[in-house]
$ cat data00.cif   # mmCIF, C-alpha atoms
data_start
#
loop_
_atom_site.label_atom_id
_atom_site.label_comp_id
_atom_site.auth_asym_id
_atom_site.auth_seq_id
_atom_site.Cartn_x
_atom_site.Cartn_y
_atom_site.Cartn_z
CA MET A 259 0.00 0.00 0.00
CA ARG A 260 1.23 3.51 -0.80
CA ILE A 261 0.34 5.93 2.00
CA ALA A 262 0.76 9.71 1.80
CA VAL A 263 0.98 11.55 5.12
CA ASN A 264 0.77 15.19 6.16
CA THR A 265 3.84 15.50 8.42
CA ARG A 266 4.19 19.28 8.67
CA PHE A 267 4.17 19.16 12.50
CA LEU A 268 7.28 16.95 12.68
CA LEU A 269 9.56 19.79 13.75
CA PRO A 270 12.88 18.94 15.43
CA GLY A 271 13.11 20.30 18.97
CA ARG A 272 9.59 21.73 18.72
CA LEU A 273 7.26 18.78 19.09
CA GLU A 274 4.15 19.54 21.13
CA GLY A 275 0.88 17.63 21.48
CA ILE A 276 -0.02 17.01 17.83
CA GLY A 277 3.62 16.70 16.82
CA TRP A 278 4.17 13.96 19.39
CA TYR A 279 0.99 12.23 18.23
CA ILE A 280 2.22 12.16 14.63
CA HIS A 281 5.68 10.97 15.65
CA GLU A 282 4.50 8.17 17.91
CA ILE A 283 1.90 6.85 15.46
CA LEU A 284 3.98 7.06 12.28
CA ARG A 285 7.18 5.67 13.76
CA ARG A 286 5.37 2.51 14.78
CA ILE A 287 3.38 2.11 11.58
CA VAL A 288 6.41 2.61 9.34
CA GLU A 289 8.54 0.17 11.34
CA ALA A 290 5.78 -2.45 11.42
CA HIS A 291 5.06 -2.28 7.67
CA PRO A 292 8.24 -2.34 5.57
CA GLU A 293 6.13 -3.70 2.72
CA ASP A 294 4.34 -0.35 2.37
CA GLU A 295 5.59 2.89 0.85
CA PHE A 296 5.15 6.10 2.84
CA ILE A 297 5.32 9.58 1.31
CA PHE A 298 5.78 12.26 3.98
CA PHE A 299 4.67 15.78 3.04
CA PHE A 300 6.74 18.44 4.84
CA ASP A 301 6.22 22.18 4.52
CA ARG A 302 9.85 23.12 5.27
CA PRO A 303 13.27 21.41 5.33
CA TYR A 304 12.91 18.21 7.34
CA ASP A 305 15.02 16.43 9.93
CA THR A 306 16.18 13.02 8.73
CA SER A 307 15.43 11.55 12.17
CA PHE A 308 11.77 11.60 11.11
CA LEU A 309 12.47 9.34 8.10
CA TYR A 310 12.04 6.26 10.22
CA ARG A 311 12.89 3.58 7.64
CA PRO A 312 14.04 3.37 3.98
CA ASN A 313 10.41 2.95 2.89
CA VAL A 314 9.75 6.65 3.70
CA ARG A 315 10.04 9.18 0.88
CA PRO A 316 10.19 12.84 2.00
CA VAL A 317 8.63 15.53 -0.17
CA VAL A 318 8.86 19.23 0.71
CA LEU A 319 5.88 21.23 -0.52
CA PHE A 320 5.90 24.99 -1.01
CA PRO A 321 4.81 27.27 0.63
CA PRO A 322 5.57 26.77 4.34
CA ALA A 323 2.13 26.49 5.95
CA ARG A 324 2.55 29.00 8.79
CA HIS A 325 -0.43 31.35 8.24
CA PRO A 326 -4.06 30.84 7.18
CA ILE A 327 -3.40 32.10 3.67
CA LEU A 328 -0.48 29.71 3.37
CA TRP A 329 -2.51 26.88 4.92
CA TYR A 330 -4.96 27.31 2.05
CA ALA A 331 -2.19 27.39 -0.55
CA TRP A 332 -0.53 24.30 0.90
CA PHE A 333 -3.63 22.14 1.25
CA GLU A 334 -5.55 23.29 -1.84
CA TRP A 335 -2.71 23.76 -4.32
CA ALA A 336 0.41 21.87 -3.25
CA VAL A 337 -1.14 18.77 -1.65
CA PRO A 338 -3.59 17.93 -4.50
CA ARG A 339 -0.78 18.30 -7.02
CA VAL A 340 1.54 15.78 -5.32
CA LEU A 341 -1.29 13.41 -4.48
CA LYS A 342 -2.09 13.31 -8.17
CA GLN A 343 1.59 12.82 -8.96
CA TYR A 344 2.23 9.93 -6.54
CA GLN A 345 -1.22 8.27 -6.67
CA PRO A 346 -1.33 6.89 -3.10
CA GLU A 347 -4.15 4.59 -2.06
CA VAL A 348 -4.85 6.73 1.00
CA PHE A 349 -3.92 10.12 2.48
CA PHE A 350 -3.48 10.35 6.26
CA SER A 351 -3.75 13.84 7.74
CA PRO A 352 -3.21 13.67 11.52
CA ASP A 353 -3.54 17.38 12.34
CA GLY A 354 -7.19 18.09 11.50
CA TYR A 355 -6.59 19.63 8.04
CA LEU A 356 -7.08 18.07 4.61
CA SER A 357 -7.43 19.01 0.96
CA LEU A 358 -10.92 19.73 -0.29
CA LYS A 359 -9.74 19.45 -3.91
CA ALA A 360 -7.98 16.12 -3.59
CA LYS A 361 -9.71 12.94 -4.76
CA THR A 362 -7.62 10.54 -2.63
CA PRO A 363 -9.49 8.72 0.17
CA THR A 364 -8.52 10.53 3.38
CA LEU A 365 -8.19 9.48 7.01
CA LEU A 366 -8.38 12.61 9.16
CA THR A 367 -7.51 12.87 12.86
CA VAL A 368 -9.59 15.53 14.64
CA HIS A 369 -8.15 16.20 18.09
CA ASP A 370 -10.89 18.63 19.08
CA ILE A 371 -13.37 21.13 17.65
CA ILE A 372 -12.53 23.92 20.10
CA PRO A 373 -12.24 26.52 17.29
CA LEU A 374 -15.95 25.95 16.61
CA GLN A 375 -16.96 25.74 20.29
CA GLU A 376 -14.92 28.69 21.56
CA PRO A 377 -13.83 30.81 18.59
CA GLU A 378 -12.99 33.72 20.89
CA SER A 379 -10.08 31.71 22.31
CA ILE A 380 -8.38 31.59 18.89
CA PRO A 381 -6.50 34.50 17.23
CA TRP A 382 -8.68 36.25 14.67
CA ALA A 383 -7.08 35.05 11.42
CA PRO A 384 -7.06 31.33 12.32
CA ARG A 385 -10.55 31.81 13.80
CA ILE A 386 -11.95 32.87 10.42
CA TYR A 387 -10.14 30.02 8.67
CA TYR A 388 -11.33 27.34 11.12
CA ARG A 389 -14.91 28.57 11.08
CA HIS A 390 -15.03 28.22 7.31
CA PHE A 391 -12.87 25.14 6.70
CA LEU A 392 -13.04 22.85 9.75
CA PRO A 393 -16.66 21.73 9.18
CA ARG A 394 -15.86 21.20 5.50
CA TYR A 395 -12.78 19.16 6.35
CA ILE A 396 -14.76 16.95 8.71
CA ARG A 397 -17.54 16.35 6.20
CA LYS A 398 -15.07 15.76 3.34
CA ALA A 399 -12.96 13.13 5.17
CA THR A 400 -13.55 9.53 4.15
CA CYS A 401 -13.00 8.46 7.76
CA ILE A 402 -12.33 10.45 10.93
CA VAL A 403 -10.28 9.48 13.98
CA THR A 404 -10.96 11.16 17.31
CA VAL A 405 -8.89 10.86 20.48
CA SER A 406 -11.73 10.77 23.03
CA GLU A 407 -15.36 9.69 23.21
CA HIS A 408 -16.20 13.29 24.10
CA VAL A 409 -14.88 14.60 20.77
CA GLN A 410 -16.38 11.63 18.93
CA ARG A 411 -19.86 12.47 20.26
CA LEU A 412 -19.45 16.17 19.50
CA ILE A 413 -18.55 15.49 15.88
CA ILE A 414 -21.30 12.94 15.28
CA ASP A 415 -23.94 15.15 16.91
CA SER A 416 -22.86 18.53 15.50
CA MET A 417 -22.01 17.36 11.98
CA GLY A 418 -24.71 14.71 11.60
CA LEU A 419 -22.22 12.06 10.46
CA PRO A 420 -22.80 8.29 10.50
CA PRO A 421 -21.07 6.83 13.60
CA ALA A 422 -19.09 4.37 11.44
CA ARG A 423 -17.24 7.30 9.86
CA VAL A 424 -16.04 8.62 13.24
CA GLN A 425 -13.73 6.21 15.04
CA LEU A 426 -12.17 6.49 18.50
CA VAL A 427 -8.46 5.75 18.96
CA TYR A 428 -7.01 6.78 22.31
CA ASN A 429 -3.55 8.33 22.55
CA GLY A 430 -0.77 6.56 24.41
CA TYR A 431 2.13 7.62 26.58
CA ARG A 432 5.86 7.30 26.01
CA ALA A 433 8.11 4.96 27.98
CA ILE A 434 10.24 7.88 29.20
CA PHE A 435 7.28 8.84 31.40
CA ARG A 436 7.87 6.52 34.33
CA PRO A 437 7.98 6.60 38.15
CA LEU A 438 11.19 8.04 39.59
CA SER A 439 13.11 6.89 42.63
CA THR A 440 13.39 9.15 45.67
CA THR A 441 16.97 9.99 44.71
CA GLU A 442 15.96 10.87 41.14
CA LYS A 443 13.19 13.13 42.43
CA GLN A 444 15.62 14.94 44.72
CA VAL A 445 17.98 15.62 41.81
CA VAL A 446 15.16 17.14 39.74
CA GLN A 447 13.86 19.20 42.65
CA ALA A 448 17.37 20.51 43.35
CA LYS A 449 17.64 21.65 39.73
CA TYR A 450 14.21 23.24 39.27
CA SER A 451 12.73 24.18 42.66
CA ASN A 452 15.64 24.67 45.08
CA GLY A 453 14.93 21.25 46.56
CA ALA A 454 11.30 22.00 47.41
CA PRO A 455 8.26 19.96 46.30
CA TYR A 456 6.33 21.50 43.42
CA PHE A 457 3.11 21.47 41.45
CA LEU A 458 3.64 21.18 37.69
CA HIS A 459 1.60 22.60 34.82
CA VAL A 460 2.44 21.40 31.30
CA GLY A 461 1.33 23.00 28.04
CA ALA A 462 1.69 26.02 25.82
CA ILE A 463 0.33 29.03 27.69
CA HIS A 464 -2.78 30.52 26.10
CA PRO A 465 -6.29 31.34 27.39
CA ARG A 466 -7.73 27.83 27.14
CA LYS A 467 -5.08 26.47 29.51
CA ASN A 468 -6.47 28.64 32.32
CA VAL A 469 -3.04 29.45 33.74
CA ALA A 470 -4.03 32.88 35.08
CA ARG A 471 -6.62 31.31 37.39
CA LEU A 472 -4.09 28.65 38.40
CA ILE A 473 -1.65 31.38 39.45
CA GLU A 474 -4.36 33.13 41.46
CA ALA A 475 -5.30 29.83 43.12
CA PHE A 476 -1.67 29.08 43.93
CA ASP A 477 -1.42 32.48 45.63
CA ILE A 478 -4.46 31.64 47.79
CA PHE A 479 -3.00 28.20 48.58
CA LYS A 480 0.30 29.74 49.68
CA ALA A 481 -1.41 32.35 51.84
CA LEU A 482 -3.51 29.65 53.56
CA THR A 483 -0.78 27.08 54.12
CA LYS A 484 2.58 28.93 54.13
CA SER A 485 3.80 25.78 52.35
CA PRO A 486 7.26 25.67 50.73
CA ILE A 487 5.70 24.11 47.61
CA LYS A 488 6.54 25.82 44.32
CA LEU A 489 4.60 26.10 41.03
CA LEU A 490 6.43 25.24 37.81
CA LEU A 491 4.97 26.15 34.41
CA ALA A 492 6.46 24.12 31.53
CA GLY A 493 5.47 25.38 28.09
CA ARG A 494 6.03 28.23 25.68
CA MET A 495 4.14 31.48 25.88
CA ALA A 496 1.66 31.21 23.01
CA TRP A 497 -1.10 33.67 22.08
CA GLN A 498 -3.16 36.02 24.28
CA SER A 499 -0.80 35.47 27.22
CA GLU A 500 -1.27 38.95 28.71
CA PRO A 501 -3.68 37.73 31.47
CA VAL A 502 -0.97 35.32 32.62
CA ARG A 503 1.62 38.09 32.69
CA LYS A 504 -0.72 40.27 34.73
CA ALA A 505 -1.47 37.42 37.14
CA LEU A 506 2.25 36.92 37.65
CA GLN A 507 2.76 40.62 38.32
CA LYS A 508 0.00 40.60 40.95
CA ALA A 509 1.04 37.34 42.60
CA GLN A 510 2.12 37.80 46.20
CA TYR A 511 4.15 34.60 45.95
CA ARG A 512 5.68 35.29 42.55
CA ALA A 513 9.06 34.14 43.85
CA ASP A 514 7.65 30.63 44.22
CA ILE A 515 6.49 30.44 40.59
CA ARG A 516 8.99 29.47 37.90
CA ILE A 517 8.37 29.86 34.16
CA LEU A 518 10.36 27.14 32.41
CA GLY A 519 9.31 27.76 28.80
CA TYR A 520 9.54 24.90 26.32
CA VAL A 521 11.49 21.96 27.76
CA SER A 522 12.82 18.86 26.02
CA ASP A 523 10.83 15.65 26.21
CA ALA A 524 13.47 14.00 28.43
CA GLU A 525 13.40 16.88 30.89
CA LEU A 526 9.62 17.04 30.79
CA ALA A 527 9.41 13.38 31.78
CA ARG A 528 11.77 14.00 34.71
CA LEU A 529 9.81 17.07 35.78
CA CYS A 530 6.56 15.11 35.65
CA GLY A 531 8.00 12.18 37.59
CA ALA A 532 9.35 14.40 40.36
CA ALA A 533 6.26 16.60 40.81
CA LEU A 534 4.15 16.46 43.94
CA ALA A 535 1.19 16.66 41.54
CA LEU A 536 0.38 17.62 37.97
CA VAL A 537 -2.19 20.40 37.68
CA ASN A 538 -4.34 20.45 34.52
CA VAL A 539 -7.21 22.91 34.95
CA SER A 540 -7.75 23.56 31.25
CA LEU A 541 -11.09 25.03 30.19
CA ASN A 542 -11.43 22.73 27.18
CA GLU A 543 -9.48 19.77 25.79
CA GLY A 544 -9.87 17.04 23.24
CA PHE A 545 -7.77 14.60 25.25
CA GLY A 546 -5.20 16.12 27.64
CA LEU A 547 -2.00 14.13 27.11
CA PRO A 548 -0.12 15.55 30.15
CA THR A 549 -2.74 13.94 32.39
CA VAL A 550 -2.00 10.46 31.03
CA GLU A 551 1.75 11.11 31.19
CA ALA A 552 1.38 12.00 34.87
CA LEU A 553 -0.52 8.77 35.52
CA ALA A 554 2.37 6.92 33.88
CA CYS A 555 4.79 8.59 36.30
CA ASP A 556 2.79 7.68 39.44
CA THR A 557 2.19 11.42 39.86
CA PRO A 558 -1.15 12.52 41.37
CA VAL A 559 -3.32 14.77 39.21
CA LEU A 560 -5.46 17.80 40.00
CA CYS A 561 -7.75 18.05 37.02
CA SER A 562 -10.45 20.17 35.45
CA ASN A 563 -13.84 18.46 35.39
CA HIS A 564 -14.13 19.07 31.64
CA PRO A 565 -15.67 15.96 29.99
CA ALA A 566 -12.63 14.92 27.95
CA LEU A 567 -10.29 15.24 30.93
CA ALA A 568 -12.74 13.40 33.17
CA GLU A 569 -12.89 10.62 30.58
CA VAL A 570 -9.13 10.30 30.36
CA ALA A 571 -8.41 10.58 34.09
CA GLY A 572 -11.28 8.34 35.21
CA ASP A 573 -11.25 8.08 39.01
CA ALA A 574 -7.48 8.70 39.15
CA ALA A 575 -7.63 12.49 39.64
CA LEU A 576 -8.96 15.07 42.06
CA PHE A 577 -11.43 17.13 40.02
CA VAL A 578 -12.19 20.84 40.33
CA HIS A 579 -14.27 23.35 38.42
CA PRO A 580 -11.77 25.20 36.20
CA LYS A 581 -13.47 28.60 36.54
CA SER A 582 -13.45 28.53 40.36
CA VAL A 583 -10.16 29.93 41.70
CA GLU A 584 -11.21 28.99 45.22
CA GLU A 585 -11.97 25.39 44.23
CA ILE A 586 -8.60 25.05 42.50
CA ALA A 587 -6.91 26.44 45.62
CA ARG A 588 -8.76 23.93 47.82
CA GLY A 589 -7.66 21.13 45.51
CA LEU A 590 -4.03 22.21 45.78
CA LYS A 591 -4.37 22.28 49.55
CA GLN A 592 -5.94 18.82 49.67
CA LEU A 593 -3.16 17.28 47.63
CA ALA A 594 -0.44 19.09 49.55
CA GLU A 595 -1.74 18.06 52.96
CA SER A 596 -2.91 14.48 52.33
CA PRO A 597 -0.28 11.85 51.47
CA ALA A 598 -3.07 9.25 51.70
CA LEU A 599 -5.05 11.02 48.98
CA ARG A 600 -1.99 11.27 46.77
CA GLN A 601 -1.25 7.57 47.19
CA ALA A 602 -4.85 6.59 46.49
CA LEU A 603 -4.76 8.56 43.23
CA VAL A 604 -1.45 6.98 42.24
CA GLU A 605 -2.87 3.48 42.74
CA LYS A 606 -5.97 4.29 40.71
CA GLY A 607 -3.76 5.83 38.03
CA ARG A 608 -1.87 2.55 37.61
CA VAL A 609 -5.12 0.96 36.52
CA GLN A 610 -6.43 3.88 34.47
CA ARG A 611 -3.27 4.28 32.39
CA GLN A 612 -3.59 0.76 30.98
CA GLN A 613 -6.15 2.07 28.47
CA PHE A 614 -3.52 4.21 26.74
CA CYS A 615 -0.91 2.56 24.53
CA TRP A 616 0.82 3.91 21.43
CA ASN A 617 1.33 0.41 20.04
CA ALA A 618 -2.39 -0.30 20.13
CA ALA A 619 -3.16 3.16 18.73
CA ALA A 620 -0.79 2.62 15.79
CA GLN A 621 -2.37 -0.78 15.04
CA GLN A 622 -5.84 0.75 15.01
CA ILE A 623 -4.76 3.66 12.80
CA TYR A 624 -3.15 1.28 10.31
CA GLN A 625 -6.31 -0.81 10.22
CA LEU A 626 -8.33 2.33 9.54
CA LEU A 627 -5.91 3.32 6.76
CA GLN A 628 -6.54 -0.05 5.14
CA GLN A 629 -10.29 0.35 5.49
CA THR A 630 -10.22 3.92 4.20
CA ALA A 631 -8.19 2.90 1.16
CA GLY A 632 -10.55 0.00 0.50
CA GLY A 633 -13.78 1.87 1.19
CA ASP A 634 -14.70 -0.46 4.09
CA LEU A 635 -15.92 1.71 6.98
CA SER A 636 -17.73 -0.92 8.99
CA GLY A 637 -16.02 0.20 12.19
CA GLU A 638 -14.36 -3.16 12.87
CA ALA A 639 -11.05 -1.45 13.64
CA THR A 640 -12.40 -0.43 17.01
CA LEU A 641 -12.27 -4.06 18.19
CA LEU A 642 -8.66 -3.51 19.28
CA ARG A 643 -9.66 -0.71 21.62
CA ASN A 644 -11.17 -2.92 24.30
CA ARG A 645 -8.22 -5.26 24.66
CA PRO A 646 -6.37 -4.95 28.00
CA LEU A 647 -3.09 -3.10 27.53
CA SER A 648 0.02 -3.50 29.63
CA SER A 649 2.82 -1.88 27.65
CA THR A 650 3.52 1.53 26.16
CA GLU A 651 6.02 0.07 23.72
#
$ encode --input "data00.cif" --output "structure tokens"
Amino acid sequence: MRIAVNTRFLLPGRLEGIGWYIHEILRRIVEAHPEDEFIFFFDRPYDTSFLYRPNVRPVVLFPPARHPILWYAWFEWAVPRVLKQYQPEVFFSPDGYLSLKAKTPTLLTVHDIIPLQEPESIPWAPRIYYRHFLPRYIRKATCIVTVSEHVQRLIIDSMGLPPARVQLVYNGYRAIFRPLSTTEKQVVQAKYSNGAPYFLHVGAIHPRKNVARLIEAFDIFKALTKSPIKLLLAGRMAWQSEPVRKALQKAQYRADIRILGYVSDAELARLCGAALALVNVSLNEGFGLPTVEALACDTPVLCSNHPALAEVAGDAALFVHPKSVEEIARGLKQLAESPALRQALVEKGRVQRQQFCWNAAAQQIYQLLQQTAGGDLSGEATLLRNRPLSSTE
């Protein structure tokens, strides 16, 4: 089978949520299927580390898709041209975009539909683009993959699609996310928090991540407890970050908050494993990968009660309402003061995390690629999802 893939988010040293998704899925599929030919479409010079095996052919398409106008040019001019040239049986687009002009059967991963739910949280130019194109992309796709039942239901209900066209494939977690020994934790704490325990937030900082309220809640927590616990924020400053900057300026305990920016995956895993708890109080998510990565590290989680996060965390998190600063502060206090609660969440997390496996996800995606290429959308690929999982590799 010849498979064309949109790989524009495979950026060396800059992988975030969708980039990691693409990397983990494709690496496994390519390695497992040397009999197939893969054509990777990049929008800029590529790193050869992403050409996982000799059966991968890289193609750089102009222009670099870094702005809505260029997104349109890339997907509606460049992609149809090379699809026609290479004649693949199927096109896999794992970042929620596709080509409306292309005739190739397409498997599309939709991680969320937040741009349609909360357009005000998106910068104005992408907002206009998403509002026009995202519904068209979803309806055009031969088959759609979602990463949570929550997103699956939203798409089926809002777009009126047959359930067989919208398949659920959970994300996994990487093996580098693992429990740390006491000594390893002390080394990380010495490096990042002057040896003190810390709460960790992971993710690019923009309005949906709710970081301003988290900072306010941390201030309340510190005032109530006088605890030495720090707050570490791992992730780049993205768009509309001014509320976060203002919250930091107002914070009475600003000295106990550290902005780490983007950190490497190896360091992120160490930070997660050494945290007293991961805090994910996002206002809206399609999945929430940092939550699963924390479960893999035996790290307790304080989590927004948003449906997708509640689905992923199960009973292995302490849930709070993300718009209540006081409730977030109480959650921080509960986790800080109750080792028994933290241990109970860790034990539940060891069970919950077994649902999430990149190997199983890659198998399901490959099965869906076969079905999409062959026009068989009976939904049988979901049979793999209910098998018990015990390994991330």
$ residues_around --input "data00.cif" --residues "range 386-390 of chain A" --least-positions-apart "3" --cutoff "10 Å" --atoms "only C-alpha atoms" --output "count of residues only"
19
$ closest_residue --input "data00.cif" --among "A:Asn542, A:Ala454, A:Thr483, A:Pro548" --to "Ile515 in chain A" --atoms "all atoms listed in the file"
A:Ala454
$ closest_atom_pairs --input "data00.cif" --of "range 300-371 of chain A" --to "range 266-273 of chain A" --cutoff "10 Å" --atoms "all atoms listed in the file" --output "tab-separated table"
residue	atom	partner	partner_atom	distance
A:Phe300	CA	A:Arg266	CA	4.7
A:Asp301	CA	A:Arg266	CA	5.5
A:Arg302	CA	A:Arg266	CA	7.6
A:Pro303	CA	A:Leu269	CA	9.3
A:Tyr304	CA	A:Leu269	CA	7.4
A:Asp305	CA	A:Pro270	CA	6.4
A:Thr306	CA	A:Pro270	CA	9.5
A:Ser307	CA	A:Pro270	CA	8.5
A:Phe308	CA	A:Leu268	CA	7.2
A:Val318	CA	A:Arg266	CA	9.2
A:Leu319	CA	A:Arg266	CA	9.5
A:Pro322	CA	A:Arg266	CA	8.8
A:Ala323	CA	A:Arg266	CA	8.0
A:Arg324	CA	A:Arg266	CA	9.9
A:Ser351	CA	A:Arg266	CA	9.7
A:Pro352	CA	A:Phe267	CA	9.3
A:Asp353	CA	A:Phe267	CA	7.9
$ closest_residue --input "data00.cif" --among "A:Val317, A:Phe577, A:Glu347, A:Pro565" --to "Arg411 in chain A" --atoms "all atoms listed in the file"
A:Pro565
$ residues_around --input "data00.cif" --residues "Leu603 in chain A" --least-positions-apart "2" --cutoff "7 Å" --atoms "only C-alpha atoms" --output "number ranges by chain"
A: 558, 574-575, 599-601, 605-607
$ closest_residue --input "data00.cif" --among "A:Glu442, A:Glu551, A:Asp514, A:Glu525" --to "Ala571 in chain A" --atoms "only C-alpha atoms"
A:Glu551
$ closest_residue --input "data00.cif" --among "A:Gly589, A:Gly519, A:Gly275, A:Pro316" --to "Ile297 in chain A" --atoms "all atoms listed in the file"
A:Pro316
$ resolve_selection --input "data00.cif" --expression "the PyMOL selection byres ((chain A and resi 632) around 12)" --output "list in words"
Met259, Glu347, Val348, Thr362, Pro363, Thr364, Leu365, Thr400, Cys401, Gln625, Leu626, Leu627, Gln628, Gln629, Thr630, Ala631, Gly633, Asp634, Leu635 and Ser636 of chain A
$ atom_distance --input "data00.cif" --atom1 "CA of Gly546 in chain A" --atom2 "CA of Leu490 in chain A"
17.9 Å
$ residues_around --input "data00.cif" --residues "range 434-439 of chain A" --least-positions-apart "6" --cutoff "12 Å" --atoms "all atoms listed in the file" --output "JSON, numbers by chain"
{"A": [445, 446, 447, 522, 523, 524, 525, 526, 527, 528, 529, 530, 531, 532, 533, 534, 547, 548, 549, 550, 551, 552, 553, 554, 555, 556, 557, 558, 604, 607, 608, 611, 649, 650, 651]}
$ closest_residue --input "data00.cif" --among "A:Phe391, A:Ala566, A:Val340, A:His459" --to "Thr404 in chain A" --atoms "all atoms listed in the file"
A:Ala566
$ residues_around --input "data00.cif" --residues "Leu590 in chain A" --least-positions-apart "5" --cutoff "10 Å" --atoms "only C-alpha atoms" --output "PyMOL selection string"
chain A and resi 457+472+475-476+478-480+535+537+559-560+576+578+584-585+595
$ atom_distance --input "data00.cif" --atom1 "CA of Trp278 in chain A" --atom2 "CA of His579 in chain A"
28.1 Å
$ closest_residue --input "data00.cif" --among "A:Ile402, A:Val427, A:Ala568, A:Val314" --to "Gln613 in chain A" --atoms "only C-alpha atoms"
A:Val427
$ atom_distance --input "data00.cif" --atom1 "CA of Leu518 in chain A" --atom2 "CA of Gly493 in chain A"
6.8 Å
$ resolve_selection --input "data00.cif" --expression "the PyMOL selection byres ((chain A and resi 290) around 12)" --output "PyMOL selection string"
chain A and resi 283-289+291-295+310-311+313+617+620-621+624
$ residues_around --input "data00.cif" --residues "Gly430 in chain A" --least-positions-apart "6" --cutoff "6 Å" --atoms "all atoms listed in the file" --output "JSON, numbers by chain"
{"A": [614, 615, 616]}
$ axis_aligned_box --input "data00.cif" --around "range 504-515 of chain A" --padding-each-side "3 Å" --output "AutoDock Vina command-line options"
--center_x 3.8 --center_y 35.5 --center_z 40.5 --size_x 16.5 --size_y 16.2 --size_z 17.5
$ resolve_selection --input "data00.cif" --expression "the PyMOL selection byres ((chain A and resi 410) around 10)" --output "MDAnalysis selection string"
chainID A and resid 368:370 402:409 411:415 421 424:427 544
$ build_atoms --input "data00.cif" --residues "range 508-523 of chain A" --atoms "N, CA and C atoms" --output "compact mmCIF listing (two decimals), keeping the file's coordinate frame"
# COMPACT_ATOMS: atom_id res chain seq x y z
N LYS A 508 0.79 40.40 39.74
CA LYS A 508 0.00 40.60 40.95
C LYS A 508 0.29 39.57 42.04
N ALA A 509 0.89 38.46 41.66
CA ALA A 509 1.04 37.34 42.60
C ALA A 509 1.92 37.71 43.79
N GLN A 510 1.37 37.53 44.98
CA GLN A 510 2.12 37.80 46.20
C GLN A 510 3.30 36.84 46.34
N TYR A 511 3.11 35.63 45.82
CA TYR A 511 4.15 34.60 45.95
C TYR A 511 4.81 34.33 44.60
N ARG A 512 5.04 35.40 43.86
CA ARG A 512 5.68 35.29 42.55
C ARG A 512 7.03 34.59 42.63
N ALA A 513 7.74 34.75 43.70
CA ALA A 513 9.06 34.14 43.85
C ALA A 513 8.99 32.62 43.88
N ASP A 514 7.80 32.08 44.16
CA ASP A 514 7.65 30.63 44.22
C ASP A 514 7.07 30.05 42.93
N ILE A 515 6.97 30.89 41.89
CA ILE A 515 6.49 30.44 40.59
C ILE A 515 7.63 30.53 39.59
N ARG A 516 7.89 29.46 38.87
CA ARG A 516 8.99 29.47 37.90
C ARG A 516 8.44 29.16 36.51
N ILE A 517 8.77 30.03 35.56
CA ILE A 517 8.37 29.86 34.16
C ILE A 517 9.52 29.16 33.44
N LEU A 518 9.29 27.93 33.01
CA LEU A 518 10.36 27.14 32.41
C LEU A 518 10.43 27.28 30.89
N GLY A 519 9.34 27.74 30.25
CA GLY A 519 9.31 27.76 28.80
C GLY A 519 9.24 26.34 28.24
N TYR A 520 9.56 26.22 26.95
CA TYR A 520 9.54 24.90 26.32
C TYR A 520 10.70 24.08 26.86
N VAL A 521 10.45 22.85 27.28
CA VAL A 521 11.49 21.96 27.76
C VAL A 521 11.52 20.70 26.90
N SER A 522 12.68 20.07 26.83
CA SER A 522 12.82 18.86 26.02
C SER A 522 11.95 17.75 26.58
N ASP A 523 11.67 16.75 25.75
CA ASP A 523 10.83 15.65 26.21
C ASP A 523 11.47 14.89 27.36
